[in-house]
$ cat run_9.txt   # compact mmCIF, C-alpha atoms and all ligand atoms
# COMPACT_ATOMS: atom_id res chain seq x y z
CA MET N 24 67.71 89.68 80.49
CA ARG N 25 71.18 90.43 79.41
CA GLU N 26 72.89 87.09 79.79
CA SER N 27 73.91 85.89 76.42
CA LEU N 28 76.14 83.59 74.54
CA ARG N 29 78.73 85.65 72.81
CA GLY N 30 80.45 83.39 70.36
CA GLU N 31 81.45 85.94 67.75
CA PRO N 32 84.74 87.71 68.41
CA GLU N 33 84.40 91.24 69.78
CA THR N 34 86.76 93.83 68.41
CA VAL N 35 86.86 96.11 71.45
CA LYS N 36 90.21 95.88 73.18
CA ILE N 37 91.32 97.43 76.41
CA ILE N 38 92.61 100.86 75.51
CA GLY N 39 95.06 102.65 77.76
CA ARG N 40 98.71 103.32 78.48
CA SER N 41 98.51 104.63 82.04
CA PRO N 42 100.59 102.71 84.59
CA ALA N 43 97.35 101.68 86.31
CA ILE N 44 95.84 100.03 83.23
CA LYS N 45 99.19 98.51 82.22
CA HIS N 46 99.26 96.80 85.57
CA VAL N 47 95.78 95.40 84.90
CA GLN N 48 96.93 94.14 81.50
CA GLN N 49 99.92 92.43 83.10
CA LEU N 50 97.66 90.67 85.58
CA ILE N 51 95.38 89.56 82.75
CA SER N 52 98.21 88.01 80.76
CA LYS N 53 99.56 86.31 83.87
CA VAL N 54 96.31 84.68 84.87
CA ALA N 55 94.59 84.19 81.50
CA ASP N 56 95.97 80.84 80.50
CA SER N 57 95.51 79.18 83.87
CA ASN N 58 92.18 77.74 84.92
CA ASN N 59 92.09 79.98 87.97
CA THR N 60 88.93 81.66 89.09
CA VAL N 61 89.32 85.43 88.74
CA LEU N 62 87.51 88.10 90.72
CA ILE N 63 87.33 91.52 89.08
CA GLN N 64 86.56 94.45 91.33
CA GLY N 65 85.96 98.06 90.40
CA GLN N 66 83.45 100.88 90.24
CA SER N 67 80.64 101.07 87.75
CA GLY N 68 81.72 101.60 84.16
CA VAL N 69 85.47 101.01 84.62
CA GLY N 70 85.59 98.14 82.14
CA LYS N 71 85.18 95.00 84.24
CA GLU N 72 83.36 93.14 81.50
CA LEU N 73 86.04 94.07 79.01
CA VAL N 74 88.68 92.68 81.38
CA ALA N 75 86.70 89.44 81.73
CA ARG N 76 86.46 89.07 77.96
CA GLU N 77 90.17 89.74 77.58
CA ILE N 78 90.97 86.99 80.08
CA HIS N 79 88.88 84.60 78.01
CA ASP N 80 90.40 85.75 74.73
CA GLN N 81 93.95 85.26 76.00
CA SER N 82 93.23 81.80 77.38
CA HIS N 83 93.33 78.44 75.62
CA ARG N 84 89.53 78.54 75.90
CA GLN N 85 89.29 81.43 73.42
CA ALA N 86 87.58 79.38 70.71
CA GLN N 87 85.00 78.10 73.22
CA PRO N 88 81.94 79.93 74.56
CA PHE N 89 82.15 83.06 76.68
CA VAL N 90 78.87 83.23 78.57
CA VAL N 91 77.84 86.41 80.36
CA VAL N 92 75.33 86.28 83.20
CA ASP N 93 74.18 89.46 84.89
CA CYS N 94 73.34 88.15 88.34
CA GLY N 95 71.90 91.47 89.47
CA MET N 96 69.16 91.39 86.84
CA LEU N 97 67.40 88.14 87.75
CA ASN N 98 65.53 87.00 90.83
CA GLU N 99 66.66 83.86 92.63
CA ASN N 100 64.42 81.39 90.79
CA LEU N 101 65.17 82.73 87.35
CA LEU N 102 68.90 82.91 87.99
CA GLN N 103 68.96 79.38 89.33
CA ASN N 104 67.03 78.20 86.30
CA GLU N 105 69.40 80.00 83.95
CA LEU N 106 72.59 78.80 85.61
CA PHE N 107 71.69 75.18 86.30
CA GLY N 108 68.73 74.43 84.04
CA HIS N 109 65.97 71.94 84.76
CA GLN N 110 64.64 68.51 83.79
CA LYS N 111 61.45 68.14 81.83
CA GLY N 112 58.60 68.15 84.36
CA ALA N 113 60.71 69.59 87.18
CA PHE N 114 57.92 72.07 87.85
CA THR N 115 54.63 73.11 86.28
CA GLY N 116 55.51 74.65 82.96
CA ALA N 117 58.82 72.81 82.60
CA THR N 118 57.75 71.21 79.35
CA ALA N 119 61.22 70.42 78.11
CA LEU N 120 64.70 69.89 79.40
CA LYS N 121 66.62 73.13 79.80
CA HIS N 122 70.39 73.17 79.81
CA GLY N 123 71.91 75.49 82.38
CA LEU N 124 74.40 78.14 81.31
CA PHE N 125 77.13 76.17 83.07
CA GLU N 126 76.54 73.46 80.46
CA VAL N 127 76.37 75.99 77.66
CA ALA N 128 79.73 77.35 78.83
CA ASP N 129 81.34 73.89 78.96
CA LYS N 130 85.04 74.08 77.93
CA GLY N 131 84.73 77.86 77.92
CA THR N 132 84.33 80.68 80.42
CA ILE N 133 81.32 81.84 82.40
CA PHE N 134 81.32 85.48 83.48
CA LEU N 135 79.14 86.17 86.50
CA ASP N 136 78.59 89.91 86.68
CA GLU N 137 77.40 91.54 89.94
CA ILE N 138 78.19 88.41 91.89
CA GLY N 139 77.67 90.28 95.17
CA GLU N 140 73.92 90.15 94.45
CA ILE N 141 73.40 86.38 94.49
CA SER N 142 71.24 84.75 97.15
CA PRO N 143 72.50 82.30 99.81
CA THR N 144 70.97 79.33 97.95
CA ILE N 145 72.80 80.17 94.76
CA GLN N 146 75.96 80.97 96.69
CA SER N 147 76.05 77.42 98.04
CA LYS N 148 75.32 75.88 94.63
CA LEU N 149 78.07 77.96 93.13
CA LEU N 150 80.49 76.85 95.80
CA ARG N 151 79.68 73.27 94.94
CA VAL N 152 80.38 73.83 91.24
CA LEU N 153 83.69 75.42 92.12
CA GLU N 154 84.69 72.60 94.41
CA THR N 155 83.50 69.59 92.42
CA SER N 156 82.94 70.86 88.85
CA THR N 157 79.52 69.30 89.05
CA PHE N 158 75.98 70.55 89.54
CA ARG N 159 72.47 69.22 89.36
CA ARG N 160 69.71 70.43 87.10
CA LEU N 161 66.52 71.23 88.94
CA GLY N 162 64.48 68.03 89.25
CA SER N 163 67.41 65.79 88.44
CA THR N 164 68.99 63.17 90.65
CA LYS N 165 72.15 62.97 88.60
CA ASP N 166 75.16 65.26 88.69
CA THR N 167 76.32 66.92 85.50
CA LYS N 168 80.05 67.40 85.10
CA VAL N 169 81.40 70.51 83.40
CA ASP N 170 84.73 72.10 82.63
CA VAL N 171 84.09 75.79 83.05
CA ARG N 172 86.37 78.63 84.02
CA LEU N 173 84.71 81.15 86.29
CA VAL N 174 85.32 84.87 86.11
CA ALA N 175 83.24 87.04 88.43
CA ALA N 176 82.86 90.78 88.85
CA THR N 177 81.45 93.11 91.45
CA ASN N 178 81.42 96.79 92.29
CA ARG N 179 80.79 95.97 95.93
CA ASP N 180 83.29 94.98 98.57
CA LEU N 181 82.80 91.22 98.88
CA HIS N 182 85.00 91.10 101.93
CA ASP N 183 82.70 93.56 103.71
CA LEU N 184 79.66 91.60 102.55
CA SER N 185 81.15 88.41 103.96
CA LYS N 186 81.89 90.13 107.27
CA GLU N 187 78.25 91.23 107.41
CA GLY N 188 77.10 87.66 106.75
CA ILE N 189 75.50 88.54 103.42
CA PHE N 190 78.05 86.68 101.34
CA ARG N 191 79.39 83.24 102.33
CA GLU N 192 82.90 83.58 103.60
CA ASP N 193 84.04 80.24 102.13
CA LEU N 194 82.76 81.30 98.70
CA TYR N 195 84.47 84.65 99.07
CA TYR N 196 87.82 82.94 99.71
CA ARG N 197 87.22 80.63 96.77
CA LEU N 198 86.59 83.59 94.49
CA ASN N 199 89.33 85.75 95.89
CA VAL N 200 92.21 83.52 94.79
CA PHE N 201 93.20 85.99 92.09
CA THR N 202 91.73 89.48 92.15
CA ILE N 203 92.05 92.21 89.56
CA GLN N 204 91.21 95.68 90.77
CA VAL N 205 90.23 97.87 87.83
CA PRO N 206 91.13 101.48 88.68
CA PRO N 207 88.66 104.34 88.22
CA LEU N 208 89.20 106.67 85.26
CA ARG N 209 90.38 109.58 87.43
CA ASP N 210 93.39 107.44 88.41
CA ARG N 211 94.18 106.89 84.72
CA GLU N 212 94.63 110.45 83.58
CA ASP N 213 96.94 109.44 80.75
CA ASP N 214 94.11 107.39 79.24
CA ILE N 215 91.43 110.05 79.07
CA ALA N 216 92.63 111.61 75.81
CA LEU N 217 93.25 108.20 74.26
CA LEU N 218 89.82 106.90 75.17
CA ALA N 219 88.10 110.15 74.19
CA ARG N 220 89.67 109.98 70.71
CA HIS N 221 88.71 106.33 70.42
CA PHE N 222 85.07 107.13 71.17
CA LEU N 223 85.18 110.14 68.87
CA HIS N 224 86.26 107.99 65.95
CA ARG N 225 83.63 105.41 66.73
CA ALA N 226 80.85 107.98 66.92
CA GLY N 227 80.97 109.02 63.27
CA HIS N 228 78.03 108.07 61.06
CA THR N 229 77.37 110.80 58.54
CA GLY N 230 80.90 111.97 57.87
CA LYS N 231 80.08 115.47 59.08
CA GLU N 232 81.19 114.81 62.64
CA PRO N 233 84.16 116.63 64.15
CA LYS N 234 87.43 114.85 63.48
CA GLU N 235 89.32 115.93 66.55
CA LEU N 236 89.18 117.25 70.09
CA ALA N 237 90.36 120.80 70.73
CA PRO N 238 93.26 120.96 73.22
CA SER N 239 91.06 123.00 75.55
CA THR N 240 88.43 120.24 75.43
CA LEU N 241 91.01 117.69 76.47
CA GLU N 242 92.00 119.98 79.31
CA VAL N 243 88.42 120.13 80.55
CA LEU N 244 88.02 116.34 80.27
CA GLY N 245 91.23 115.84 82.23
CA LYS N 246 90.01 117.93 85.14
CA TYR N 247 86.67 116.20 85.57
CA GLU N 248 86.22 113.50 88.23
CA TRP N 249 84.37 110.88 86.10
CA PRO N 250 82.11 109.23 88.68
CA GLY N 251 80.60 107.11 85.87
CA ASN N 252 84.05 106.26 84.52
CA ILE N 253 84.57 105.09 80.96
CA ARG N 254 80.91 104.57 80.20
CA GLU N 255 80.31 108.21 81.19
CA LEU N 256 83.20 109.39 79.02
CA GLN N 257 81.76 107.46 76.10
CA ASN N 258 78.34 109.07 76.57
CA VAL N 259 79.87 112.54 76.94
CA ILE N 260 81.82 112.19 73.69
CA GLU N 261 78.83 110.84 71.81
CA SER N 262 76.67 113.78 72.88
CA ALA N 263 79.46 116.30 72.20
CA VAL N 264 79.78 114.94 68.67
CA ILE N 265 76.12 115.72 68.12
CA MET N 266 76.53 119.21 69.58
CA ALA N 267 79.69 120.15 67.70
CA GLU N 268 79.36 122.25 64.59
CA GLY N 269 82.98 122.84 63.68
CA PRO N 270 85.82 120.51 62.71
CA ALA N 271 86.76 119.97 66.37
CA VAL N 272 84.89 119.27 69.61
CA GLU N 273 85.08 122.46 71.69
CA PRO N 274 84.59 122.77 75.47
CA GLY N 275 81.24 124.43 74.79
CA ASP N 276 80.02 121.21 73.15
CA LEU N 277 80.42 119.27 76.40
CA PRO N 278 77.54 118.84 78.86
CA LEU N 279 77.27 121.83 81.21
CA SER N 280 77.88 119.72 84.31
CA ILE N 281 81.33 118.85 82.99
CA GLN N 282 82.18 122.36 81.88
CA GLU N 283 81.23 123.72 85.29
CA GLU N 284 83.01 121.18 87.40
CA SER N 285 86.26 121.65 85.56
CA GLY N 286 86.09 125.44 85.51
CA PRO N 287 88.85 127.64 86.92
CA ALA N 288 89.65 127.47 90.62
CA GLU N 289 88.01 129.90 93.00
CA LEU N 290 89.85 133.15 93.34
CA ASP N 291 90.93 134.15 96.82
CA LEU N 292 89.92 137.78 97.14
CA THR N 293 90.95 138.06 100.79
CA THR N 294 94.69 138.04 100.15
CA GLU N 295 94.96 141.66 99.01
CA SER N 296 97.87 140.72 96.80
CA LEU N 297 96.07 140.46 93.50
CA SER N 298 97.04 142.69 90.62
CA LEU N 299 94.45 144.09 88.27
CA LYS N 300 95.94 141.99 85.47
CA GLU N 301 95.58 138.78 87.48
CA LEU N 302 92.01 139.66 88.29
CA GLU N 303 91.32 140.37 84.63
CA LYS N 304 92.90 137.09 83.52
CA HIS N 305 90.88 135.15 86.04
CA TYR N 306 87.61 136.79 85.07
CA ILE N 307 88.20 136.19 81.36
CA THR N 308 89.02 132.52 82.06
CA LEU N 309 85.85 132.20 84.08
CA LEU N 310 83.73 133.70 81.32
CA LEU N 311 85.34 131.52 78.69
CA HIS N 312 84.39 128.44 80.66
CA ARG N 313 80.90 129.66 81.46
CA LEU N 314 80.20 130.63 77.86
CA GLY N 315 81.66 127.52 76.34
CA GLY N 316 84.69 129.30 74.93
CA HIS N 317 82.50 131.53 72.79
CA ARG N 318 84.63 134.62 72.19
CA ALA N 319 81.94 136.84 70.76
CA LYS N 320 79.77 136.29 73.84
CA VAL N 321 82.68 136.90 76.20
CA ALA N 322 83.55 140.16 74.44
CA LYS N 323 79.93 141.26 74.68
CA VAL N 324 79.80 140.66 78.44
CA LEU N 325 83.09 142.53 78.91
CA GLN N 326 81.86 145.32 76.64
CA ILE N 327 85.05 145.26 74.61
CA SER N 328 85.62 144.44 70.96
CA GLU N 329 86.44 140.88 69.90
CA ARG N 330 89.70 142.22 68.59
CA ASN N 331 90.54 143.65 71.99
CA LEU N 332 89.57 140.38 73.66
CA TYR N 333 91.77 138.47 71.26
CA ARG N 334 94.76 140.61 72.26
CA LYS N 335 94.08 139.92 75.92
CA LEU N 336 93.77 136.19 75.30
CA LYS N 337 97.18 136.19 73.71
CA GLU N 338 98.65 138.31 76.45
CA TYR N 339 97.32 135.99 79.15
CA ASP N 340 98.12 132.84 77.24
CA LEU N 341 94.46 131.90 77.07
CA ALA N 342 94.12 131.70 73.31
CA ASP N 343 93.82 127.93 73.50
CA ILE N 344 90.70 127.91 75.65
CA SER N 345 88.71 129.72 73.08
CA LEU N 346 88.93 127.55 70.02
CA ARG N 347 85.26 127.53 69.24
CA PRO N 348 84.87 128.90 65.74
CA LYS N 349 83.29 132.32 65.68
CA ARG N 350 79.92 132.34 64.02
N1 LIG M 1 89.99 100.42 78.53
C1 LIG M 1 88.92 100.52 77.72
N2 LIG M 1 89.10 100.71 76.41
C2 LIG M 1 88.03 100.83 75.59
N3 LIG M 1 86.77 100.77 75.97
C3 LIG M 1 86.53 100.57 77.27
C4 LIG M 1 87.59 100.43 78.21
N4 LIG M 1 87.04 100.22 79.43
C5 LIG M 1 85.72 100.24 79.25
N5 LIG M 1 85.39 100.44 77.96
C6 LIG M 1 84.02 100.56 77.44
O1 LIG M 1 83.26 101.24 78.43
C7 LIG M 1 81.98 100.63 78.60
C8 LIG M 1 81.83 100.14 80.02
O2 LIG M 1 82.70 99.03 80.24
P1 LIG M 1 82.20 97.71 80.99
O3 LIG M 1 80.79 97.38 80.65
O4 LIG M 1 83.22 96.66 80.78
O5 LIG M 1 82.26 98.26 82.50
P2 LIG M 1 81.81 97.57 83.84
O6 LIG M 1 82.89 97.79 84.82
O7 LIG M 1 81.38 96.17 83.56
O8 LIG M 1 80.55 98.46 84.24
P3 LIG M 1 79.31 98.08 85.22
O9 LIG M 1 79.86 97.97 86.60
O10 LIG M 1 78.42 99.27 85.06
O11 LIG M 1 78.74 96.81 84.69
C9 LIG M 1 81.90 99.54 77.56
O12 LIG M 1 81.26 100.05 76.43
C10 LIG M 1 83.34 99.21 77.27
O13 LIG M 1 83.51 98.70 75.97
MG MG M 2 79.49 95.25 83.76
$ encode --input "run_9.txt" --output "structure tokens" --more "lines below"
Ligand SMILES: Nc1ncnc2c1ncn2[C@@H]1O[C@H](COP(=O)(O)OP(=O)(O)OP(=O)(O)O)[C@@H](O)[C@H]1O
Ligand SMILES: [Mg+2]
Amino acid sequence: MRESLRGEPETVKIIGRSPAIKHVQQLISKVADSNNTVLIQGQSGVGKELVAREIHDQSHRQAQPFVVVDCGMLNENLLQNELFGHQKGAFTGATALKHGLFEVADKGTIFLDEIGEISPTIQSKLLRVLETSTFRRLGSTKDTKVDVRLVAATNRDLHDLSKEGIFREDLYYRLNVFTIQVPPLRDREDDIALLARHFLHRAGHTGKEPKELAPSTLEVLGKYEWPGNIRELQNVIESAVIMAEGPAVEPGDLPLSIQEESGPAELDLTTESLSLKELEKHYITLLLHRLGGHRAKVAKVLQISERNLYRKLKEYDLADISLRPKR
């Protein structure tokens, strides 16, 4: 169970200066101080929860609870019990009154993550809370009134789900009053370096970690597609920090999958217009990527001296790719 009451202020802020994330930040500051329901949509790991927290932090509810509920993690009965609570004796085992999270979040914000996963029963109860600001604990005959701001998130297309009859259309329209679409990382190229440095600085524990990212590493990171978005970038940087042995994170410290995907483009050998120099440059680039920028290894494969390789790197303007310290 991941739902929790997070009263203490978090220090993580939304990092980014790309036009796409600036737009998100503008939307947040526009909607934050209203009581509007907000629907946050976006792929896995793009920062939806961070956006939700920022909405809460910029609202007049900031000093009140911010309650996170991961709707995808709990089955219907458990989720219902968590959200709405129960009276003592409502069912066997209900030995005491349990306050629902809607009560816990009173005057504050409730964040329903993965809202596309909730069952029809809970969908209708949720609609009722949104329409009347009241709900009933299980086993109770009395309504409980609350003042809660709802922020919901999903990585699914709620509109599609409502068309398929899986998600109530009336609830969808209720939720969709104000939507924030969080863009995937590949549409925020300007942010990759910023975020990577942020995670690099956070990863340090022993003081021996690399202090910077080599320019060639940033180049590799910028070319990758990031299907897992910011969470994936965070994991990649954390593992690269462990791998790195020098003062900077080199391309060779990154997971192989990332090095390979961002390698040099395929060479078209059918054109018959390629000079020997171009072919040589391409092959050296390829080897540098394959061998993690390790010059000694590249020289060995090419059967030339490291000194000779170094000259070629300069000639072809490739010196930057190979920043891994020679050992
Ligand atoms: N713009 C950002 N600046 C700094 N950290 C970020 C940013 N966006 C996301 N993160 C970090 O990336 C991680 C994933 O973000 P978050 O949990 O908010 O994503 P999510 O969209 O809710 O993902 P999921 O769909 O998997 O639940 C978190 O550790 C978060 O702090
Ligand atoms: Mg999330």
$ closest_residue --input "run_9.txt" --among "N:Gln87, N:Thr157, N:Ser296, N:Gln66" --to "ligand LIG 1 (chain M)" --atoms "only C-alpha atoms and all ligand atoms"
N:Gln66
$ closest_residue --input "run_9.txt" --among "N:Asp129, N:Glu338, N:Glu192, N:Glu72" --to "ligand LIG 1 (chain M)" --atoms "only C-alpha atoms and all ligand atoms"
N:Glu72
$ atom_distance --input "run_9.txt" --atom1 "CA of Glu303 in chain N" --atom2 "CA of Ala342 in chain N"
14.5 Å
$ closest_residue --input "run_9.txt" --among "N:Glu261, N:Glu268, N:Glu137, N:Glu248" --to "ligand MG 2 (chain M)" --atoms "only C-alpha atoms and all ligand atoms"
N:Glu137
$ closest_residue --input "run_9.txt" --among "N:Arg254, N:His228, N:Lys304, N:Lys246" --to "Arg334 in chain N" --atoms "all atoms listed in the file"
N:Lys304
$ closest_residue --input "run_9.txt" --among "N:Gln64, N:Thr164, N:Ser239, N:Thr118" --to "Gly139 in chain N" --atoms "all atoms listed in the file"
N:Gln64
$ closest_residue --input "run_9.txt" --among "N:Ile138, N:Val243, N:Leu73, N:Ala128" --to "Gln48 in chain N" --atoms "all atoms listed in the file"
N:Leu73
$ atom_distance --input "run_9.txt" --atom1 "CA of Gln146 in chain N" --atom2 "CA of Asn58 in chain N"
20.3 Å
$ residues_near_ligand --input "run_9.txt" --ligand "ligand MG 2 (chain M)" --cutoff "7 Å" --atoms "only C-alpha atoms and all ligand atoms" --output "PyMOL selection string"
chain N and resi 68+70-72+136
$ closest_atom_pairs --input "run_9.txt" --of "chain N" --to "ligand LIG 1 (chain M)" --cutoff "10 Å" --atoms "only C-alpha atoms and all ligand atoms" --output "Markdown table"
| residue | atom | partner | partner_atom | distance |
| --- | --- | --- | --- | --- |
| N:Glu33 | CA | M:LIG1 | O13 | 9.7 |
| N:Thr34 | CA | M:LIG1 | O13 | 9.6 |
| N:Val35 | CA | M:LIG1 | O13 | 6.2 |
| N:Lys36 | CA | M:LIG1 | N2 | 5.9 |
| N:Ile37 | CA | M:LIG1 | N1 | 3.9 |
| N:Ile38 | CA | M:LIG1 | N2 | 3.6 |
| N:Gly39 | CA | M:LIG1 | N1 | 5.6 |
| N:Arg40 | CA | M:LIG1 | N1 | 9.2 |
| N:Ile44 | CA | M:LIG1 | N1 | 7.5 |
| N:Val47 | CA | M:LIG1 | N1 | 10.0 |
| N:Gln48 | CA | M:LIG1 | N1 | 9.8 |
| N:Ile63 | CA | M:LIG1 | O6 | 8.8 |
| N:Gln64 | CA | M:LIG1 | O6 | 8.2 |
| N:Gly65 | CA | M:LIG1 | O6 | 6.4 |
| N:Gln66 | CA | M:LIG1 | O9 | 5.9 |
| N:Ser67 | CA | M:LIG1 | O9 | 3.4 |
| N:Gly68 | CA | M:LIG1 | O8 | 3.4 |
| N:Val69 | CA | M:LIG1 | O6 | 4.1 |
| N:Gly70 | CA | M:LIG1 | O4 | 3.1 |
| N:Lys71 | CA | M:LIG1 | O6 | 3.7 |
| N:Glu72 | CA | M:LIG1 | O4 | 3.6 |
| N:Leu73 | CA | M:LIG1 | O4 | 4.2 |
| N:Val74 | CA | M:LIG1 | O4 | 6.8 |
| N:Ala75 | CA | M:LIG1 | O4 | 8.1 |
| N:Arg76 | CA | M:LIG1 | O4 | 8.7 |
| N:Asp93 | CA | M:LIG1 | O11 | 8.7 |
| N:Gly95 | CA | M:LIG1 | O11 | 9.9 |
| N:Asp136 | CA | M:LIG1 | O11 | 7.2 |
| N:Glu137 | CA | M:LIG1 | O11 | 7.6 |
| N:Ala176 | CA | M:LIG1 | O7 | 7.7 |
| N:Thr177 | CA | M:LIG1 | O9 | 7.0 |
| N:Asn178 | CA | M:LIG1 | O9 | 6.0 |
| N:Arg179 | CA | M:LIG1 | O9 | 9.6 |
| N:Val205 | CA | M:LIG1 | O6 | 7.9 |
| N:Pro206 | CA | M:LIG1 | O6 | 9.8 |
| N:Pro207 | CA | M:LIG1 | O6 | 9.4 |
| N:Leu208 | CA | M:LIG1 | N4 | 9.0 |
| N:Arg211 | CA | M:LIG1 | N1 | 9.9 |
| N:Asp214 | CA | M:LIG1 | N1 | 8.1 |
| N:Ile215 | CA | M:LIG1 | N1 | 9.8 |
| N:Leu217 | CA | M:LIG1 | N2 | 8.8 |
| N:Leu218 | CA | M:LIG1 | C2 | 6.3 |
| N:Ala219 | CA | M:LIG1 | C2 | 9.4 |
| N:His221 | CA | M:LIG1 | C2 | 7.6 |
| N:Phe222 | CA | M:LIG1 | N3 | 8.1 |
| N:Gly251 | CA | M:LIG1 | O10 | 8.2 |
| N:Asn252 | CA | M:LIG1 | C8 | 7.9 |
| N:Ile253 | CA | M:LIG1 | O1 | 4.8 |
| N:Arg254 | CA | M:LIG1 | C7 | 4.4 |
| N:Glu255 | CA | M:LIG1 | O1 | 8.1 |
| N:Leu256 | CA | M:LIG1 | O1 | 8.2 |
| N:Gln257 | CA | M:LIG1 | O1 | 6.8 |
| N:Asn258 | CA | M:LIG1 | C7 | 9.4 |
$ residues_around --input "run_9.txt" --residues "Thr60 in chain N" --least-positions-apart "3" --cutoff "8 Å" --atoms "all atoms listed in the file" --output "list in words"
Arg172, Leu173, Val174, Ala175, Arg197, Leu198, Asn199, Val200 and Phe201 of chain N
$ residues_around --input "run_9.txt" --residues "Leu194 in chain N" --least-positions-apart "4" --cutoff "10 Å" --atoms "all atoms listed in the file" --output "list in words"
Gln146, Ser147, Leu149, Leu150, Arg151, Leu153, Glu154, Leu181, Ser185, Phe190, Leu198 and Asn199 of chain N
$ residues_around --input "run_9.txt" --residues "His122 in chain N" --least-positions-apart "4" --cutoff "8 Å" --atoms "all atoms listed in the file" --output "list in words"
Phe107, Gly108, His109, Glu126, Val127 and Arg160 of chain N
$ residues_around --input "run_9.txt" --residues "Leu325 in chain N" --least-positions-apart "2" --cutoff "12 Å" --atoms "only C-alpha atoms" --output "list in words"
Glu303, Tyr306, Ile307, Leu309, Leu310, Leu311, Arg318, Ala319, Lys320, Val321, Ala322, Lys323, Ile327, Ser328, Glu329, Asn331, Leu332 and Lys335 of chain N
$ atom_distance --input "run_9.txt" --atom1 "CA of Leu102 in chain N" --atom2 "CA of Asp183 in chain N"
23.5 Å
$ residues_around --input "run_9.txt" --residues "Pro274 in chain N" --least-positions-apart "2" --cutoff "10 Å" --atoms "all atoms listed in the file" --output "NGL selection string"
:N and (236-244 or 263 or 267 or 271-272 or 276-279 or 281-282 or 311-317 or 344-347)
$ decode --input "run_9.txt" --residues "range 107-119 of chain N" --atoms "N, CA and C atoms" --output "tab-separated table (two decimals), in the first residue's frame"
chain	number	residue	atom	x	y	z
N	107	PHE	N	-13.40	5.82	1.95
N	107	PHE	CA	-14.62	6.26	2.63
N	107	PHE	C	-14.73	5.80	4.07
N	108	GLY	N	-13.87	4.86	4.47
N	108	GLY	CA	-13.88	4.40	5.86
N	108	GLY	C	-15.09	3.54	6.19
N	109	HIS	N	-15.22	3.17	7.46
N	109	HIS	CA	-16.38	2.39	7.88
N	109	HIS	C	-16.73	2.68	9.34
N	110	GLN	N	-17.99	2.34	9.68
N	110	GLN	CA	-18.45	2.44	11.07
N	110	GLN	C	-17.96	1.22	11.82
N	111	LYS	N	-17.88	1.34	13.13
N	111	LYS	CA	-17.62	0.17	13.96
N	111	LYS	C	-18.74	-0.84	13.72
N	112	GLY	N	-18.39	-2.09	13.48
N	112	GLY	CA	-19.38	-3.14	13.28
N	112	GLY	C	-19.99	-3.19	11.89
N	113	ALA	N	-19.44	-2.43	10.96
N	113	ALA	CA	-19.99	-2.41	9.59
N	113	ALA	C	-19.87	-3.78	8.94
N	114	PHE	N	-18.83	-4.50	9.29
N	114	PHE	CA	-18.66	-5.87	8.80
N	114	PHE	C	-17.83	-6.64	9.83
N	115	THR	N	-17.79	-7.96	9.68
N	115	THR	CA	-17.02	-8.75	10.63
N	115	THR	C	-15.58	-8.27	10.58
N	116	GLY	N	-15.05	-7.95	11.74
N	116	GLY	CA	-13.67	-7.48	11.76
N	116	GLY	C	-13.57	-5.96	11.84
N	117	ALA	N	-14.69	-5.28	11.64
N	117	ALA	CA	-14.68	-3.81	11.76
N	117	ALA	C	-14.86	-3.47	13.23
N	118	THR	N	-13.76	-3.57	13.97
N	118	THR	CA	-13.86	-3.44	15.43
N	118	THR	C	-13.86	-1.98	15.89
N	119	ALA	N	-13.50	-1.09	15.00
N	119	ALA	CA	-13.49	0.31	15.39
N	119	ALA	C	-13.87	1.17	14.19
